[in-house]
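Enquirer: Right, I'll just put the structure down here and ask away after.
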Number of protein chains: 2
Amino acid sequence: MKTLLIVYHSMTGGTLQMARAAAAGAGGEAGVGVALLRAGEAGAEDVLKADGYIFATPENLAGMSGMMKDFFDRTYYAAFERINGRAFLTLVCAGSDGRNAAQQIDRIAAGWRLKPIADPYIVCTHAQTPEQILKPKMITNHLSFLQLRSLVKKTGELELSLQSTSIPAPASDEVIVRIDAAPINPSDLGLLLANADWSQAKASGTLRHPVVTAALSANAVQAMAARIDISMPVGNEGAGLVTEPGSSAAAQALVGKTVAVLGGAMYAQYRCVKVNQCLVLPEGASAAEGASCFVNPLTALGMVGTMKREGHKALVHTAAASNLGQMLNRLCLADGVSLVNIVRKQEQEDLLKAAGAMHVCRTDSPTFLKHLTDAVAATGATIAFDAIGGGPLAGQILSCMEAAVNRGVTVYSRYGSTTHKQVYLYGSLDMSPAVLNRNYGMAWGIGGWLVTPYIEKIGPLAFQELKERVARELKTIFASHYSHEISLSEALQPDVIAAYSKRATGNKYLINPNKGL
Amino acid sequence: MKTLLIVYHSMTGGTLQMARAAAAGAGGEAGVGVALLRAGEAGAEDVLKADGYIFATPENLAGMSGMMKDFFDRTYYAAFERINGRAFLTLVCAGSDGRNAAQQIDRIAAGWRLKPIADPYIVCTHAQTPEQILKPKMITNHLSFLQLRSLVKKTGELELSLQSTSIPAPASDEVIVRIDAAPINPSDLGLLLANADWSQAKASGTLRHPVVTAALSANAVQAMAARIDISMPVGNEGAGLVTEPGSSAAAQALVGKTVAVLGGAMYAQYRCVKVNQCLVLPEGASAAEGASCFVNPLTALGMVGTMKREGHKALVHTAAASNLGQMLNRLCLADGVSLVNIVRKQEQEDLLKAAGAMHVCRTDSPTFLKHLTDAVAATGATIAFDAIGGGPLAGQILSCMEAAVNRGVTVYSRYGSTTHKQVYLYGSLDMSPAVLNRNYGMAWGIGGWLVTPYIEKIGPLAFQELKERVARELKTIFASHYSHEISLSEALQPDVIAAYSKRATGNKYLINPNKGL
């Protein structure tokens, strides 16, 4: 265990916040302990015990604060020649310049033979008048960090890049989260890859700021008119350490906690989010384990919830061997809900059957429609959630439901059964048009479905219950498994893009934005 | 004006019902007045004034009733030689035979030189015991009548025919309606014509019982498996005279009234329906004027009602120059609801514009999609009712709605707008598959729509209000115009079928089941 000593002095709160942010950030590192001490309370013993230092001071009257100077005065000789070569960083919260305070500390540190790990980090509050200088400060964490951006260009290119960005100051009900894990979900790929042609992708940029570009079809550019030349951050969800809280008690309570977060822009080293976007992971759960707490678990819960709210008693799911599909299967088994799984291949059927699935229908089977009708009849499923979107499948599901409902019915009804049959399209794995033969009477519906409007519909209390259930069953029903953990840079490598854009069963990618930097 | 005298005597109600039914039937004839008198109250003056007679008696103790005999006793000589050649009919309500009572009356009528217009009509109640004989009677009208039937045969043929059928006895809350007008709505054609190939239709049968057959495709036969070899009556709605009531006060109150009726099997001379299926037409409205009180008016009202219930503020309608479309246009103008009409041709646009339509978009225009987007943006329409069903139109409407909603929106949303866009398919003028490109985000739905489930949803009180509104505005908003009035036989002539199956704008057919027989 290495110890980082953070010594600070603060009169109006600015330096304190910088010191706390540093403490939170460092506290999340494995094998690092943090001692955060006010300058007046820190002594030589603390200096000797520590393996590295952060000195955080305001610039008062064009120099470090008197209390900070006093700390050095009291400890300099006791530590002299005993801490040579240890690392240090200076943080200055200044009203106008800050460089003089930093230089003063640099000189003392040089005397101690300490090694700077970076240039002094100076935050300027631009407090110039006595009133401004004496006012309590709220410091934005100006540490720049990397964020993955996707940009559709008028010229017909998609550009992925890592941009340096500043973390905003958290509002009272916000926290800054250092993102340590963010999954690449199918729902991220549209925004991220924009359906570009990655076979001819070109990589450029630098190691820290890589860029990759790929061609877009004219149709694709037109369809995305509203995002042309707007650099979009990506990543629906992630998890990581809360490094800096807003002023509210709820925000302060999260410092040092590992949380899962929903809200976009998660393919980044940091993210400022509201407290109520965070789900505190249970004791012992890592960020990687909690990275997929929202999209798939809430989608699975939302499907079962929608089924119940709309009066159906069983459901059909397509692309059922996906990470989400496997989760839905576990959820339905746990909750005693009948589920008909539709997959493409034998190996996917085997995978689901091994996980206890009762009904699996393969589209590659010549008797697919009969099997599906049998399964729908056996379960009474009259609602389906379809990730495919294109082609005949949604219509086939409705046809099989109608056939199942009509089994044993002897009275002809020209408008078909009066049982409402619903297919929700929540994905578009097949981008081709959906084709509806409409041979399933008049009591049917097809529509788009997303988990977000569902959550709005059920209200905050029910949403909270769902989140708590996810946390409770994070390692069982709602566990996600990743085949690859990649860095932000790797997420921009053409061969890696080609791999994760395939969405192949069993290939699930996790981005660790703080890996390899 | 000719007068029909109906003289009856009744102890247990059977003969009374027969007499009333006869009175109701005759009362509906133009130029016929009916005098319905109890035997004890009828005198020679009534006999002399009348142009024809119905004598209705029970058979009591193997002969006509004493009171009936008394009527003849009191009037015979006063009328003798003064009523020669007038027409008469005898009705007998008998417990076992009835022929003796009929013969007794026949002999007296022969003395008066009356001319029988038909054999005595004898209803046998099979009341054999004293208890049965003295019990109040409920008489079924056994008059046979013609009913149009549609039959899908296993052999791949559709057969249309006129079948002789018996009118059932009305239950207490039922009435028998003589159908004088029944429209051929697009919603009737599926059941009636079953998508058969009428180009090779073969006519056979007799004048009174014509038959026409046409070939069905194997697919069509398969799709209609549930109705194979089941002879189906046809005709969703109609109007006519109530000729025989059930025992309830509500049923009795309808005798002699002209009512509109919803309920199927209206292509027939008679129909037994529940009182609450009847809508009494306003004073002076003919059966032809009231024949289309339900399907189109309730569909138009249901569309506007669905629009409001589902939170939309304007609507789109396709095939908008149809009879229904014109009605919807009048309804929306009257109610201040913005309507976007989609038609195929200039003449249809002209027709709607002449009727005051504000927004008409023509699919034959090269700028159709732009016009539709403009109209949708101007009205704020986010719901459409589509009679076409097949092809790209439903998807195009959704695309235009999405484009209209997004006008002026500068923030890119990868899932499209959050405004729900809905298209209901209520018809299938184009039987080809519907093709959905899904370029309208995720907040959309497509589904079947029928007026019947809508009416169930709104409940009986709201339904009653709708019906009353239709009756009130029958000659304005809800007026239907017919280009052709045809008989049941004509409805089975191949050239007539070819004409009405086209559903051409302005060509609307009305069947008068009591015409030409």
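Naming scheme: A, B, ... for chains in displayed order of the structure tokens; residues 1 onward per chain; ligands 1 onward as shown.
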Specify as a list in words all residues of chain B found within 8 Å of chain A, counting only C-alpha atoms.

Expert: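 That gives Gly190, Leu191, Ala223, Ala226, Arg227, Thr410, Val411, Tyr412, Ser413, Arg414, Tyr426, Ser432, Pro433, Ala434, Val435, Leu436, Asn437, Arg438, Asn439, Gly441, Met442, Ala443, Trp444, Gly445, Ile446, Gly447, Gly448, Trp449 and Leu450 of chain B for chain B.
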
Enquirer: Write a file of the just-selected residues containing N, CA and C atoms, as an mmCIF file, in the first residue's frame.

Expert:
```cif
data_model
loop_
_atom_site.group_PDB
_atom_site.id
_atom_site.type_symbol
_atom_site.label_atom_id
_atom_site.label_comp_id
_atom_site.auth_asym_id
_atom_site.auth_seq_id
_atom_site.Cartn_x
_atom_site.Cartn_y
_atom_site.Cartn_z
ATOM 1 N N GLY B 190 -65.001 -7.702 -48.277
ATOM 2 C CA GLY B 190 -64.137 -8.837 -47.941
ATOM 3 C C GLY B 190 -64.961 -10.083 -47.684
ATOM 4 N N LEU B 191 -65.961 -9.961 -46.825
ATOM 5 C CA LEU B 191 -66.810 -11.110 -46.506
ATOM 6 C C LEU B 191 -67.640 -11.520 -47.719
ATOM 7 N N ALA B 223 -56.392 -18.778 -46.518
ATOM 8 C CA ALA B 223 -56.556 -17.675 -45.575
ATOM 9 C C ALA B 223 -57.941 -17.672 -44.951
ATOM 10 N N ALA B 226 -61.269 -20.909 -41.940
ATOM 11 C CA ALA B 226 -62.292 -20.985 -40.895
ATOM 12 C C ALA B 226 -63.703 -20.797 -41.441
ATOM 13 N N ARG B 227 -63.838 -20.309 -42.686
ATOM 14 C CA ARG B 227 -65.198 -20.139 -43.202
ATOM 15 C C ARG B 227 -65.509 -21.089 -44.351
ATOM 16 N N THR B 410 -32.916 21.692 -33.460
ATOM 17 C CA THR B 410 -31.493 21.774 -33.803
ATOM 18 C C THR B 410 -30.669 20.749 -33.045
ATOM 19 N N VAL B 411 -31.241 20.146 -32.014
ATOM 20 C CA VAL B 411 -30.473 19.175 -31.233
ATOM 21 C C VAL B 411 -30.695 17.780 -31.805
ATOM 22 N N TYR B 412 -29.609 17.108 -32.137
ATOM 23 C CA TYR B 412 -29.722 15.766 -32.693
ATOM 24 C C TYR B 412 -30.158 14.780 -31.630
ATOM 25 N N SER B 413 -31.152 13.983 -31.968
ATOM 26 C CA SER B 413 -31.553 12.892 -31.095
ATOM 27 C C SER B 413 -31.450 11.613 -31.893
ATOM 28 N N ARG B 414 -30.599 10.703 -31.434
ATOM 29 C CA ARG B 414 -30.347 9.516 -32.255
ATOM 30 C C ARG B 414 -31.571 8.630 -32.386
ATOM 31 N N TYR B 426 -57.069 0.839 -41.282
ATOM 32 C CA TYR B 426 -58.444 0.363 -41.072
ATOM 33 C C TYR B 426 -58.999 -0.302 -42.315
ATOM 34 N N SER B 432 -51.143 -5.645 -51.087
ATOM 35 C CA SER B 432 -49.719 -5.987 -51.047
ATOM 36 C C SER B 432 -49.158 -5.682 -49.653
ATOM 37 N N PRO B 433 -47.964 -6.208 -49.342
ATOM 38 C CA PRO B 433 -47.416 -5.985 -47.994
ATOM 39 C C PRO B 433 -47.166 -4.495 -47.726
ATOM 40 N N ALA B 434 -47.334 -4.106 -46.487
ATOM 41 C CA ALA B 434 -46.909 -2.770 -46.060
ATOM 42 C C ALA B 434 -45.397 -2.806 -45.851
ATOM 43 N N VAL B 435 -44.725 -1.767 -46.314
ATOM 44 C CA VAL B 435 -43.264 -1.724 -46.255
ATOM 45 C C VAL B 435 -42.847 -0.555 -45.364
ATOM 46 N N LEU B 436 -42.155 -0.881 -44.287
ATOM 47 C CA LEU B 436 -41.779 0.144 -43.305
ATOM 48 C C LEU B 436 -40.276 0.362 -43.309
ATOM 49 N N ASN B 437 -39.855 1.551 -43.761
ATOM 50 C CA ASN B 437 -38.420 1.852 -43.772
ATOM 51 C C ASN B 437 -37.891 2.236 -42.404
ATOM 52 N N ARG B 438 -38.781 2.601 -41.512
ATOM 53 C CA ARG B 438 -38.422 2.902 -40.119
ATOM 54 C C ARG B 438 -37.411 4.041 -40.013
ATOM 55 N N ASN B 439 -37.573 5.039 -40.840
ATOM 56 C CA ASN B 439 -36.696 6.222 -40.736
ATOM 57 C C ASN B 439 -37.440 7.342 -40.014
ATOM 58 N N GLY B 441 -37.454 7.423 -36.316
ATOM 59 C CA GLY B 441 -37.167 7.318 -34.894
ATOM 60 C C GLY B 441 -37.801 6.094 -34.260
ATOM 61 N N MET B 442 -38.021 6.180 -32.974
ATOM 62 C CA MET B 442 -38.530 5.037 -32.212
ATOM 63 C C MET B 442 -39.915 5.294 -31.628
ATOM 64 N N ALA B 443 -40.384 6.533 -31.722
ATOM 65 C CA ALA B 443 -41.685 6.847 -31.113
ATOM 66 C C ALA B 443 -42.773 6.770 -32.178
ATOM 67 N N TRP B 444 -43.130 5.553 -32.548
ATOM 68 C CA TRP B 444 -44.131 5.377 -33.589
ATOM 69 C C TRP B 444 -44.871 4.059 -33.374
ATOM 70 N N GLY B 445 -46.019 3.995 -33.979
ATOM 71 C CA GLY B 445 -46.794 2.769 -33.944
ATOM 72 C C GLY B 445 -47.625 2.636 -35.201
ATOM 73 N N ILE B 446 -47.823 1.392 -35.604
ATOM 74 C CA ILE B 446 -48.741 1.076 -36.687
ATOM 75 C C ILE B 446 -49.615 -0.057 -36.177
ATOM 76 N N GLY B 447 -50.879 -0.037 -36.510
ATOM 77 C CA GLY B 447 -51.707 -1.127 -36.044
ATOM 78 C C GLY B 447 -53.027 -1.165 -36.769
ATOM 79 N N GLY B 448 -53.739 -2.258 -36.563
ATOM 80 C CA GLY B 448 -55.080 -2.350 -37.110
ATOM 81 C C GLY B 448 -56.035 -1.484 -36.301
ATOM 82 N N TRP B 449 -57.075 -1.011 -36.965
ATOM 83 C CA TRP B 449 -58.093 -0.211 -36.259
ATOM 84 C C TRP B 449 -59.456 -0.556 -36.822
ATOM 85 N N LEU B 450 -60.370 -0.822 -35.921
ATOM 86 C CA LEU B 450 -61.760 -1.059 -36.307
ATOM 87 C C LEU B 450 -62.640 -0.237 -35.393
#
```

Enquirer: As number ranges by chain, please: the residues near Ser483 in chain A (cut-off 9 Å, only C-alpha atoms, same-chain neighbours under 5 positions excluded).

Expert: A: 506-510

Enquirer: One number please: CA of Ser65 in chain B to CA of Ala127 in chain B, in Å, one decimal.

Expert: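 So the two atoms, CA of Ser65 in chain B and CA of Ala127 in chain B, lie 15.8 Å apart.
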
Enquirer: When you look at Leu328 in chain B with a cut-off of 12 Å (counting only C-alpha atoms), what residues show up, excluding the ones that are within fewer than 2 positions of it in the same chain? I need them as a compact mmCIF listing (two decimals) with N, CA and C atoms, in the first residue's frame.

Expert:
```
# COMPACT_ATOMS: atom_id res chain seq x y z
N ASN B 296 -69.94 4.17 -41.60
CA ASN B 296 -69.18 5.37 -41.92
C ASN B 296 -69.29 6.46 -40.86
N PRO B 297 -70.48 6.81 -40.39
CA PRO B 297 -70.55 7.86 -39.36
C PRO B 297 -69.78 7.50 -38.10
N LEU B 298 -69.94 6.27 -37.62
CA LEU B 298 -69.24 5.90 -36.39
C LEU B 298 -67.75 5.79 -36.63
N THR B 299 -67.36 5.36 -37.84
CA THR B 299 -65.94 5.30 -38.15
C THR B 299 -65.34 6.71 -38.15
N ALA B 300 -66.03 7.65 -38.79
CA ALA B 300 -65.53 9.04 -38.80
C ALA B 300 -65.47 9.58 -37.37
N LEU B 301 -66.55 9.36 -36.61
CA LEU B 301 -66.56 9.83 -35.22
C LEU B 301 -65.49 9.11 -34.40
N GLY B 302 -65.31 7.83 -34.69
CA GLY B 302 -64.31 7.04 -33.98
C GLY B 302 -62.89 7.51 -34.27
N MET B 303 -62.65 7.93 -35.50
CA MET B 303 -61.32 8.44 -35.84
C MET B 303 -61.03 9.73 -35.08
N VAL B 304 -61.98 10.64 -35.10
CA VAL B 304 -61.76 11.90 -34.38
C VAL B 304 -61.68 11.63 -32.87
N GLY B 305 -62.52 10.70 -32.40
CA GLY B 305 -62.48 10.36 -30.98
C GLY B 305 -61.17 9.71 -30.57
N LEU B 315 -55.40 15.15 -37.65
CA LEU B 315 -55.24 13.81 -38.20
C LEU B 315 -55.07 13.81 -39.71
N VAL B 316 -54.52 12.71 -40.18
CA VAL B 316 -54.31 12.46 -41.60
C VAL B 316 -55.25 11.33 -42.01
N HIS B 317 -55.85 11.45 -43.20
CA HIS B 317 -56.72 10.39 -43.69
C HIS B 317 -56.38 10.09 -45.14
N THR B 318 -56.28 8.79 -45.45
CA THR B 318 -55.99 8.40 -46.83
C THR B 318 -57.28 7.92 -47.50
N ALA B 319 -57.21 7.75 -48.81
CA ALA B 319 -58.41 7.43 -49.61
C ALA B 319 -59.51 8.41 -49.23
N ALA B 320 -59.11 9.67 -49.13
CA ALA B 320 -59.93 10.68 -48.45
C ALA B 320 -61.11 11.16 -49.28
N ALA B 321 -61.20 10.75 -50.54
CA ALA B 321 -62.36 11.16 -51.34
C ALA B 321 -63.48 10.13 -51.28
N SER B 322 -63.28 9.07 -50.50
CA SER B 322 -64.33 8.06 -50.34
C SER B 322 -65.54 8.68 -49.67
N ASN B 323 -66.64 7.94 -49.68
CA ASN B 323 -67.84 8.38 -48.97
C ASN B 323 -67.49 8.69 -47.52
N LEU B 324 -66.72 7.77 -46.89
CA LEU B 324 -66.27 7.99 -45.51
C LEU B 324 -65.40 9.23 -45.43
N GLY B 325 -64.48 9.36 -46.39
CA GLY B 325 -63.55 10.49 -46.37
C GLY B 325 -64.28 11.82 -46.45
N GLN B 326 -65.26 11.89 -47.32
CA GLN B 326 -66.03 13.13 -47.44
C GLN B 326 -66.78 13.42 -46.14
N ARG B 330 -66.40 16.64 -43.60
CA ARG B 330 -67.49 17.47 -43.07
C ARG B 330 -67.47 17.51 -41.54
N LEU B 331 -67.22 16.33 -40.95
CA LEU B 331 -67.19 16.26 -39.49
C LEU B 331 -66.08 17.14 -38.92
N CYS B 332 -64.88 17.06 -39.52
CA CYS B 332 -63.75 17.83 -39.02
C CYS B 332 -63.99 19.33 -39.20
N LEU B 333 -64.57 19.70 -40.34
CA LEU B 333 -64.88 21.12 -40.55
C LEU B 333 -65.88 21.60 -39.50
N ALA B 334 -66.88 20.76 -39.23
CA ALA B 334 -67.91 21.15 -38.25
C ALA B 334 -67.32 21.26 -36.85
N ASP B 335 -66.38 20.37 -36.53
CA ASP B 335 -65.86 20.31 -35.17
C ASP B 335 -64.55 21.09 -34.99
N GLY B 336 -64.09 21.75 -36.07
CA GLY B 336 -62.86 22.53 -35.96
C GLY B 336 -61.62 21.68 -35.75
N VAL B 337 -61.62 20.48 -36.32
CA VAL B 337 -60.45 19.60 -36.22
C VAL B 337 -59.67 19.68 -37.54
N SER B 338 -58.37 19.87 -37.45
CA SER B 338 -57.56 19.95 -38.67
C SER B 338 -57.36 18.56 -39.26
N LEU B 339 -57.59 18.48 -40.57
CA LEU B 339 -57.54 17.20 -41.28
C LEU B 339 -56.67 17.35 -42.51
N VAL B 340 -55.75 16.40 -42.67
CA VAL B 340 -54.95 16.33 -43.90
C VAL B 340 -55.49 15.18 -44.74
N ASN B 341 -56.00 15.48 -45.91
CA ASN B 341 -56.59 14.49 -46.80
C ASN B 341 -55.56 14.02 -47.82
N LEU B 352 -62.86 17.31 -52.80
CA LEU B 352 -62.70 17.65 -51.38
C LEU B 352 -62.54 19.15 -51.17
N ALA B 355 -65.65 20.83 -51.15
CA ALA B 355 -66.39 20.60 -49.91
C ALA B 355 -65.72 21.30 -48.73
N GLY B 356 -64.75 22.17 -49.03
CA GLY B 356 -64.17 22.99 -47.97
C GLY B 356 -62.90 22.46 -47.35
N ALA B 357 -62.34 21.34 -47.88
CA ALA B 357 -61.13 20.76 -47.30
C ALA B 357 -59.97 21.75 -47.38
N PHE B 385 -55.19 7.72 -40.27
CA PHE B 385 -56.04 6.56 -40.50
C PHE B 385 -55.93 6.22 -41.98
N THR B 476 -76.97 16.09 -42.95
CA THR B 476 -75.88 17.06 -43.21
C THR B 476 -74.54 16.33 -43.15
N ILE B 477 -73.91 16.37 -41.98
CA ILE B 477 -72.57 15.76 -41.87
C ILE B 477 -72.57 14.30 -42.31
N PHE B 478 -73.57 13.56 -41.85
CA PHE B 478 -73.52 12.11 -42.01
C PHE B 478 -74.34 11.60 -43.19
N ALA B 479 -74.68 12.49 -44.10
CA ALA B 479 -75.44 12.08 -45.29
C ALA B 479 -74.58 11.19 -46.17
N SER B 480 -75.20 10.11 -46.67
CA SER B 480 -74.53 9.26 -47.67
C SER B 480 -75.30 9.38 -48.98
```

Enquirer: What's the separation between CA of Thr75 in chain A and CA of Lys115 in chain A, in Å to one decimal place?

Expert: 17.7 Å

Enquirer: Could you tell me how far CA of Leu162 in chain B lies from CA of Ala182 in chain B, in Å and to one decimal?

Expert: 15.3 Å

Enquirer: What residues in range 132-340 of chain A get the DSSP label helix (DSSP H, G or I)? Please answer as a ChimeraX atom specification.

Expert: /A:132-134,186-193,218-223,225-227,249-252,275-277,287-290,295-309,323-335

Enquirer: Write a file of the just-selected residues containing C-alpha atoms, as a PDB file, in the first residue's frame.

Expert:
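Listing of out.pdb after writing:
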```
ATOM      1  CA  GLN A 132     -14.552  38.316  -4.974  1.00  0.00           C
ATOM      2  CA  ILE A 133     -11.385  37.265  -3.221  1.00  0.00           C
ATOM      3  CA  LEU A 134     -13.168  36.741   0.111  1.00  0.00           C
ATOM      4  CA  PRO A 186     -25.932  -2.526 -29.546  1.00  0.00           C
ATOM      5  CA  SER A 187     -27.800   0.642 -28.608  1.00  0.00           C
ATOM      6  CA  ASP A 188     -24.498   2.569 -28.671  1.00  0.00           C
ATOM      7  CA  LEU A 189     -23.471   1.486 -32.136  1.00  0.00           C
ATOM      8  CA  GLY A 190     -25.863   3.685 -34.103  1.00  0.00           C
ATOM      9  CA  LEU A 191     -24.560   6.881 -32.561  1.00  0.00           C
ATOM     10  CA  LEU A 192     -20.971   5.649 -32.476  1.00  0.00           C
ATOM     11  CA  LEU A 193     -20.522   4.092 -35.904  1.00  0.00           C
ATOM     12  CA  ALA A 218     -25.319   9.829 -49.051  1.00  0.00           C
ATOM     13  CA  ASN A 219     -28.501   8.358 -47.562  1.00  0.00           C
ATOM     14  CA  ALA A 220     -26.876   7.938 -44.189  1.00  0.00           C
ATOM     15  CA  VAL A 221     -25.655  11.543 -44.216  1.00  0.00           C
ATOM     16  CA  GLN A 222     -29.126  12.753 -45.119  1.00  0.00           C
ATOM     17  CA  ALA A 223     -30.740  10.645 -42.397  1.00  0.00           C
ATOM     18  CA  ALA A 225     -28.768  15.777 -41.051  1.00  0.00           C
ATOM     19  CA  ALA A 226     -29.387  16.978 -37.520  1.00  0.00           C
ATOM     20  CA  ARG A 227     -25.975  15.786 -36.299  1.00  0.00           C
ATOM     21  CA  ALA A 249     -25.406  15.895   1.290  1.00  0.00           C
ATOM     22  CA  ALA A 250     -26.551  13.304  -1.244  1.00  0.00           C
ATOM     23  CA  ALA A 251     -23.634  14.187  -3.505  1.00  0.00           C
ATOM     24  CA  GLN A 252     -21.098  14.265  -0.664  1.00  0.00           C
ATOM     25  CA  VAL A 275     -26.832  11.978  -8.044  1.00  0.00           C
ATOM     26  CA  ASN A 276     -30.077  10.313  -9.135  1.00  0.00           C
ATOM     27  CA  GLN A 277     -28.386   8.987 -12.270  1.00  0.00           C
ATOM     28  CA  ALA A 287     -16.887  -1.089 -11.919  1.00  0.00           C
ATOM     29  CA  ALA A 288     -16.665  -3.745 -14.644  1.00  0.00           C
ATOM     30  CA  GLU A 289     -19.310  -5.800 -12.869  1.00  0.00           C
ATOM     31  CA  GLY A 290     -21.546  -2.763 -12.577  1.00  0.00           C
ATOM     32  CA  VAL A 295     -29.409  -0.604 -20.510  1.00  0.00           C
ATOM     33  CA  ASN A 296     -29.768  -4.376 -20.558  1.00  0.00           C
ATOM     34  CA  PRO A 297     -31.183  -4.966 -17.056  1.00  0.00           C
ATOM     35  CA  LEU A 298     -33.734  -2.158 -17.358  1.00  0.00           C
ATOM     36  CA  THR A 299     -34.595  -3.227 -20.902  1.00  0.00           C
ATOM     37  CA  ALA A 300     -35.227  -6.797 -19.732  1.00  0.00           C
ATOM     38  CA  LEU A 301     -37.244  -5.544 -16.760  1.00  0.00           C
ATOM     39  CA  GLY A 302     -39.031  -3.073 -19.032  1.00  0.00           C
ATOM     40  CA  MET A 303     -40.027  -5.811 -21.458  1.00  0.00           C
ATOM     41  CA  VAL A 304     -41.518  -7.952 -18.713  1.00  0.00           C
ATOM     42  CA  GLY A 305     -43.105  -4.855 -17.172  1.00  0.00           C
ATOM     43  CA  THR A 306     -44.582  -3.748 -20.497  1.00  0.00           C
ATOM     44  CA  MET A 307     -45.916  -7.252 -21.034  1.00  0.00           C
ATOM     45  CA  LYS A 308     -47.738  -7.080 -17.706  1.00  0.00           C
ATOM     46  CA  ARG A 309     -48.917  -3.465 -18.001  1.00  0.00           C
ATOM     47  CA  ASN A 323     -26.364 -10.572 -23.743  1.00  0.00           C
ATOM     48  CA  LEU A 324     -29.775  -8.956 -23.229  1.00  0.00           C
ATOM     49  CA  GLY A 325     -31.570 -12.089 -24.415  1.00  0.00           C
ATOM     50  CA  GLN A 326     -29.706 -14.295 -21.966  1.00  0.00           C
ATOM     51  CA  MET A 327     -30.498 -11.826 -19.196  1.00  0.00           C
ATOM     52  CA  LEU A 328     -34.185 -11.774 -20.172  1.00  0.00           C
ATOM     53  CA  ASN A 329     -34.174 -15.566 -20.105  1.00  0.00           C
ATOM     54  CA  ARG A 330     -32.763 -15.578 -16.560  1.00  0.00           C
ATOM     55  CA  LEU A 331     -35.249 -12.906 -15.485  1.00  0.00           C
ATOM     56  CA  CYS A 332     -38.228 -14.790 -16.913  1.00  0.00           C
ATOM     57  CA  LEU A 333     -37.098 -18.055 -15.344  1.00  0.00           C
ATOM     58  CA  ALA A 334     -36.706 -16.318 -11.985  1.00  0.00           C
ATOM     59  CA  ASP A 335     -40.081 -14.592 -12.225  1.00  0.00           C
TER      60      ASP A 335
END
```

Enquirer: Tell me, as a list in words, which residues lie within 9 Å of Ala35 in chain A, counting only C-alpha atoms; anything in the same chain fewer than 6 positions away does not count.

Expert: Thr3, Leu4, Leu5, Ile6, Val7, Ala23, Asp46 and Ala50 of chain A
